Each structure stands twice: as structure tokens, then as C-alpha cells.
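The next block is work-v6.cif, given as mmCIF, C-alpha atoms and all ligand atoms.
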```
data_model
#
loop_
_atom_site.label_atom_id
_atom_site.label_comp_id
_atom_site.auth_asym_id
_atom_site.auth_seq_id
_atom_site.Cartn_x
_atom_site.Cartn_y
_atom_site.Cartn_z
CA MET O 27 9.54 -7.08 19.38
CA PRO O 28 10.27 -3.59 18.01
CA GLN O 29 9.75 -2.91 14.32
CA PRO O 30 13.12 -2.93 12.49
CA THR O 31 14.21 0.46 11.21
CA HIS O 32 16.63 1.91 8.73
CA ARG O 33 17.85 5.44 8.06
CA ALA O 34 16.46 7.84 5.50
CA VAL O 35 17.01 11.48 4.59
CA ARG O 36 13.57 13.06 4.91
CA ARG O 37 12.42 16.55 4.10
CA ASP O 38 9.81 18.49 5.94
CA ARG O 39 7.29 20.96 4.52
CA ASN O 40 9.88 23.76 4.70
CA GLY O 41 12.45 21.81 2.70
CA ALA O 42 14.67 21.07 5.71
CA LEU O 43 16.43 17.70 5.53
CA ALA O 44 17.01 15.36 8.47
CA LEU O 45 18.48 11.89 8.84
CA GLN O 46 15.76 9.85 10.53
CA SER O 47 15.03 6.28 11.51
CA VAL O 48 12.04 4.97 9.62
CA SER O 49 10.26 1.63 9.74
CA LEU O 50 11.73 -1.03 7.54
CA PRO O 51 8.97 -2.27 5.26
CA ASN O 52 8.18 -5.97 5.06
CA ALA O 53 8.92 -7.36 1.62
CA GLY O 54 6.19 -9.38 -0.06
CA ARG O 55 6.44 -12.41 -2.31
CA HIS O 56 7.25 -10.57 -5.57
CA ASP O 57 8.99 -7.56 -4.04
CA VAL O 58 12.66 -6.63 -4.25
CA VAL O 59 14.75 -4.79 -1.67
CA VAL O 60 17.57 -2.65 -3.04
CA LYS O 61 20.38 -0.90 -1.20
CA PRO O 62 21.13 2.33 -3.10
CA LEU O 63 24.83 2.70 -3.97
CA MET O 64 24.80 6.02 -5.80
CA VAL O 65 22.03 8.60 -5.91
CA GLY O 66 22.07 11.72 -8.06
CA ILE O 67 20.81 15.11 -6.91
CA CYS O 68 19.52 17.09 -9.87
CA GLY O 69 17.82 20.40 -10.56
CA THR O 70 14.40 18.90 -9.98
CA ASP O 71 15.41 17.83 -6.47
CA LEU O 72 16.53 21.39 -5.74
CA GLN O 73 13.22 22.75 -7.04
CA ILE O 74 11.37 20.36 -4.71
CA LEU O 75 13.49 21.46 -1.74
CA ARG O 76 12.89 25.13 -2.57
CA GLY O 77 9.14 24.51 -2.58
CA GLN O 78 8.84 25.25 -6.28
CA ARG O 79 7.07 21.97 -7.01
CA GLY O 80 4.24 20.16 -5.31
CA ASP O 81 5.71 16.65 -5.24
CA ALA O 82 4.46 14.44 -2.42
CA ALA O 83 7.57 12.35 -1.67
CA THR O 84 9.26 13.13 1.64
CA ILE O 85 12.32 11.06 0.64
CA LEU O 86 13.93 12.43 -2.52
CA GLY O 87 16.24 10.74 -5.02
CA HIS O 88 15.04 9.48 -8.38
CA GLU O 89 18.25 8.74 -10.23
CA GLY O 90 20.53 6.03 -9.00
CA ILE O 91 21.86 2.53 -8.90
CA GLY O 92 21.84 -0.09 -6.19
CA THR O 93 22.44 -3.65 -5.14
CA VAL O 94 19.63 -6.12 -4.63
CA THR O 95 19.74 -7.32 -1.02
CA TRP O 96 16.63 -9.51 -1.14
CA SER O 97 14.50 -10.63 -4.05
CA GLY O 98 11.14 -12.30 -4.39
CA ALA O 99 11.29 -11.75 -8.16
CA THR O 100 12.54 -14.58 -10.33
CA ALA O 101 14.51 -12.29 -12.68
CA LEU O 102 16.55 -10.60 -9.95
CA HIS O 103 18.81 -12.05 -7.28
CA ALA O 104 20.60 -10.83 -4.17
CA GLY O 105 23.84 -9.18 -5.26
CA ASP O 106 22.55 -8.01 -8.67
CA LEU O 107 23.31 -4.42 -9.61
CA VAL O 108 20.25 -2.52 -10.79
CA VAL O 109 19.44 0.86 -12.29
CA PHE O 110 16.37 2.72 -11.09
CA ASN O 111 14.06 3.88 -13.85
CA PRO O 112 12.49 6.93 -12.19
CA VAL O 113 9.27 6.96 -14.20
CA ASN O 114 6.99 3.95 -14.11
CA PRO O 115 6.72 2.93 -17.78
CA LEU O 116 3.08 2.02 -17.21
CA ALA O 117 2.08 5.19 -15.35
CA GLN O 118 3.86 8.43 -16.25
CA ASP O 119 2.67 10.21 -13.06
CA ASP O 120 4.21 7.50 -10.87
CA ILE O 121 7.70 8.89 -10.32
CA LEU O 122 10.30 7.75 -7.83
CA GLY O 123 11.32 10.53 -5.46
CA HIS O 124 8.42 12.67 -6.69
CA SER O 125 5.06 10.96 -6.22
CA ARG O 126 6.49 8.17 -4.02
CA ASP O 127 9.48 8.01 -1.71
CA GLY O 128 12.87 7.86 -3.39
CA LEU O 129 16.41 6.63 -2.98
CA LEU O 130 17.93 8.69 -0.17
CA GLN O 131 17.48 5.82 2.27
CA GLU O 132 19.41 2.73 3.23
CA CYS O 133 16.90 0.27 1.77
CA VAL O 134 14.31 0.75 -0.93
CA LEU O 135 11.41 -1.68 -1.15
CA VAL O 136 10.31 -2.05 -4.76
CA ASP O 137 6.94 -3.78 -4.77
CA GLY O 138 6.21 -6.54 -7.23
CA GLU O 139 4.04 -4.32 -9.39
CA HIS O 140 6.87 -1.83 -9.89
CA VAL O 141 9.35 -4.64 -10.50
CA ALA O 142 7.07 -6.04 -13.21
CA SER O 143 6.58 -2.64 -14.85
CA GLY O 144 10.32 -2.07 -15.25
CA THR O 145 11.13 0.53 -12.60
CA ILE O 146 14.32 -1.35 -11.71
CA LEU O 147 16.46 -2.79 -14.44
CA PRO O 148 19.35 -5.21 -14.12
CA MET O 149 22.68 -3.76 -15.10
CA ASP O 150 24.13 -4.71 -18.44
CA ARG O 151 26.18 -7.85 -18.15
CA ASP O 152 28.37 -7.05 -21.18
CA VAL O 153 30.52 -4.49 -19.38
CA PRO O 154 34.21 -5.49 -19.52
CA PRO O 155 35.21 -7.25 -16.28
CA SER O 156 38.35 -5.11 -16.04
CA LEU O 157 36.22 -2.11 -15.07
CA ASP O 158 35.48 -1.56 -11.41
CA ARG O 159 31.88 -1.80 -10.21
CA THR O 160 31.39 1.96 -9.92
CA THR O 161 32.60 2.70 -13.45
CA SER O 162 30.57 -0.20 -14.80
CA ALA O 163 27.51 1.04 -12.99
CA LEU O 164 27.92 4.57 -14.32
CA LEU O 165 28.37 3.34 -17.88
CA ALA O 166 25.33 1.12 -17.65
CA TRP O 167 23.31 3.85 -16.01
CA GLY O 168 24.22 6.33 -18.73
CA ARG O 169 23.36 3.88 -21.48
CA ARG O 170 20.05 2.97 -19.85
CA ARG O 171 19.25 6.61 -19.30
CA LEU O 172 19.81 7.45 -22.95
CA VAL O 173 17.39 4.74 -23.96
CA SER O 174 14.78 5.09 -21.24
CA ALA O 175 14.83 8.89 -21.10
CA ARG O 176 13.18 9.30 -24.49
CA CYS O 177 9.69 8.70 -23.24
CA PRO O 178 9.83 10.92 -20.12
CA ILE O 179 11.49 13.74 -22.07
CA GLU O 180 8.69 13.63 -24.64
CA VAL O 181 6.12 13.73 -21.85
CA LYS O 182 7.85 16.71 -20.23
CA ARG O 183 8.04 18.52 -23.58
CA ARG O 184 4.34 18.08 -24.14
CA ALA O 185 3.58 19.22 -20.62
CA GLY O 186 5.79 22.27 -21.06
CA ARG O 187 7.97 21.34 -18.10
CA PRO O 188 11.71 22.01 -18.11
CA PHE O 189 14.14 19.16 -18.41
CA ASP O 190 16.16 18.24 -15.37
ZN ZN O 201 16.38 14.36 -12.12
#
```

Turn this file's structure into C-alpha cells for me.
Amino acid sequence: MPQPTHRAVRRDRNGALALQSVSLPNAGRHDVVVKPLMVGICGTDLQILRGQRGDAATILGHEGIGTVTWSGATALHAGDLVVFNPVNPLAQDDILGHSRDGLLQECVLVDGEHVASGTILPMDRDVPPSLDRTTSALLAWGRRRLVSARCPIEVKRRAGRPFD
């Protein structure tokens, strides 16, 4: 039986992007599979594509939201909206779309270790129900980003790296 695949936007060493079929990873007991809904492209992504940074990820995208499609984690369930926290709170060099593959793919497997460390966060549930899902997601994302961005910004300041 052939290995199931999904599509991803991959970059090559020259920064060229191509839509490719890639193997669909098998989810483990504590893993979560998320379907990205919105993915931002920021200045850092452009720097990576221009070869101005040495990031290892071949699939970019570190800012975004998605829907859980399968969950082995008790705190998350299929259908939940989540925000991706790009920087692993327990390891500042572990960055989505930089040191490991990012969100420009149909499915993102978040292993149990990353789930436990807070690299995906459930969306706020106190958003007024009158708002559509996209607006709610953006509001929640912005609020989360304001809170969670403090630590990475401090790290970047100390390292003398520009903000994205
Ligand atoms: Zn960015």
C-alpha cells in the first residue's frame, strides 16, 4: 500500500518554491495533526527565501492558525481552532518554519513534546459568537501574539537580530 501523501510548498537551496507531494507523517499517541487555515508571510520568510539566513526548514510558515483534524492529546480535540506559537517556550532555538518545517502544508504534525511545551495553543473561547471564525481567529491570534511575543522579542534584542 502506498504511503499517504499531502501537499506542501517547499523551497530549494536557491529559494525557489514548488508545490510538492510529501509523505503524510504517522501521528503518535500524544501527537496532534493540524490543518493550517491562515499562514502569514513576514519579513523573516523573505530573508530566508533570499538566502540571507541559514534556517534549515524547507517548508516555511511560522505564524498562523489552524484546525485540529486529529488529536492524541487530552486537552485538544478534532475541530478545535489553535494558534501556532512559533518559538518553543522550552527551547528558544526550536522555531517553526525556521529550524523545523513550518505551516505551508496541508497538514502539520505537532508531536506530543511540542504539544506539551505550548507550541500550539487553543483559541480563546471568550470571543463573541456573533463574530465569524476568521475574525475570531485573527483577534485571538493577535491577543496571543501580544502576550507570547514578549519572550522571543527579548531574545532577539539580546541577540542583536532585527524584529520581523
Ligand atoms: Zn515572522

Within 10 Å of ligand ZN 201 (chain O): each chain O residue with its shortest pair, all atoms listed in the file, as CSV:
```
residue,atom,partner,partner_atom,distance
O:Gly66,CA,O:ZN201,ZN,7.5
O:Ile67,CA,O:ZN201,ZN,6.9
O:Cys68,CA,O:ZN201,ZN,4.7
O:Gly69,CA,O:ZN201,ZN,6.4
O:Thr70,CA,O:ZN201,ZN,5.4
O:Asp71,CA,O:ZN201,ZN,6.7
O:Leu72,CA,O:ZN201,ZN,9.5
O:Gly87,CA,O:ZN201,ZN,8.0
O:His88,CA,O:ZN201,ZN,6.3
O:Glu89,CA,O:ZN201,ZN,6.2
O:Gly90,CA,O:ZN201,ZN,9.8
O:Pro112,CA,O:ZN201,ZN,8.4
O:Leu122,CA,O:ZN201,ZN,10.0
O:Gly123,CA,O:ZN201,ZN,9.2
O:His124,CA,O:ZN201,ZN,9.8
O:Phe189,CA,O:ZN201,ZN,8.2
O:Asp190,CA,O:ZN201,ZN,5.1
```

Neighbour residues at most 9 Å from (5.7, 4.1, -10.1) (only C-alpha atoms) as a PyMOL selection string:
chain O and resi 112-122+125-126+139-140+143+145

Smallest atom-to-atom distance to Thr100 of chain O: which of O:Gly77, O:Gly138, O:Gly128, O:Pro30, using all atoms listed in the file?
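Closest to Thr100 of chain O, using all atoms listed in the file: O:Gly138.
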
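Nearest residue to Val136 of chain O among O:Ser47, O:Asn52, O:Thr31, O:Gln73 is O:Asn52, counting only C-alpha atoms.
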
When you draw a straight line from atom CA of Arg33 of chain O to atom CA of Gln78 of chain O, how long is it in Å?
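Atom CA of Arg33 of chain O sits 26.1 Å away from atom CA of Gln78 of chain O.
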
Point-to-point distance from atom CA of Asp137 of chain O to atom CA of Asp57 of chain O, Å rounded to tenths
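Calculated distance between atom CA of Asp137 of chain O and atom CA of Asp57 of chain O is 4.4 Å.
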
Name all residues at most 6 Å from Leu130 of chain O (count all atoms listed in the file; drop same-chain ones fewer than 2 positions away) and give them as a ChimeraX atom specification.
/O:34-35,86-87

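In terms of minimum interatomic distance to Ala104 of chain O, O:Gly92 ranks closest within O:Thr84, O:Leu45, O:Asp127, O:Gly92, counting all atoms listed in the file.
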
Among the residues O:Met149, O:Val109, O:Ala82, O:Ile91, the one that comes closest to Pro62 of chain O [using all atoms listed in the file]:
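Among O:Met149, O:Val109, O:Ala82, O:Ile91, it is O:Ile91 that comes nearest to Pro62 of chain O.
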
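Between Gly80 of chain O and the residues O:Arg39, O:Ser97, O:Gln131, O:Pro51, the shortest atom-to-atom distance, using only C-alpha atoms, involves O:Arg39.
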
Do a neighbour search on His32 of chain O at 7 Å with all atoms listed in the file, toss out local chain neighbours closer than 6 positions, and write the hits as a PDB file with C-alpha atoms, in the frame of the given file.
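This went into part.pdb:
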```
ATOM      1  CA  SER O  47      15.030   6.280  11.510  1.00  0.00           C
ATOM      2  CA  VAL O  48      12.040   4.970   9.620  1.00  0.00           C
ATOM      3  CA  SER O  49      10.260   1.630   9.740  1.00  0.00           C
ATOM      4  CA  LEU O  50      11.730  -1.030   7.540  1.00  0.00           C
ATOM      5  CA  GLU O 132      19.410   2.730   3.230  1.00  0.00           C
TER       6      GLU O 132
END
```

Report, in Å with one decimal, the straight-line distance from atom CA of Val60 of chain O to atom CA of Trp96 of chain O.
7.2 Å
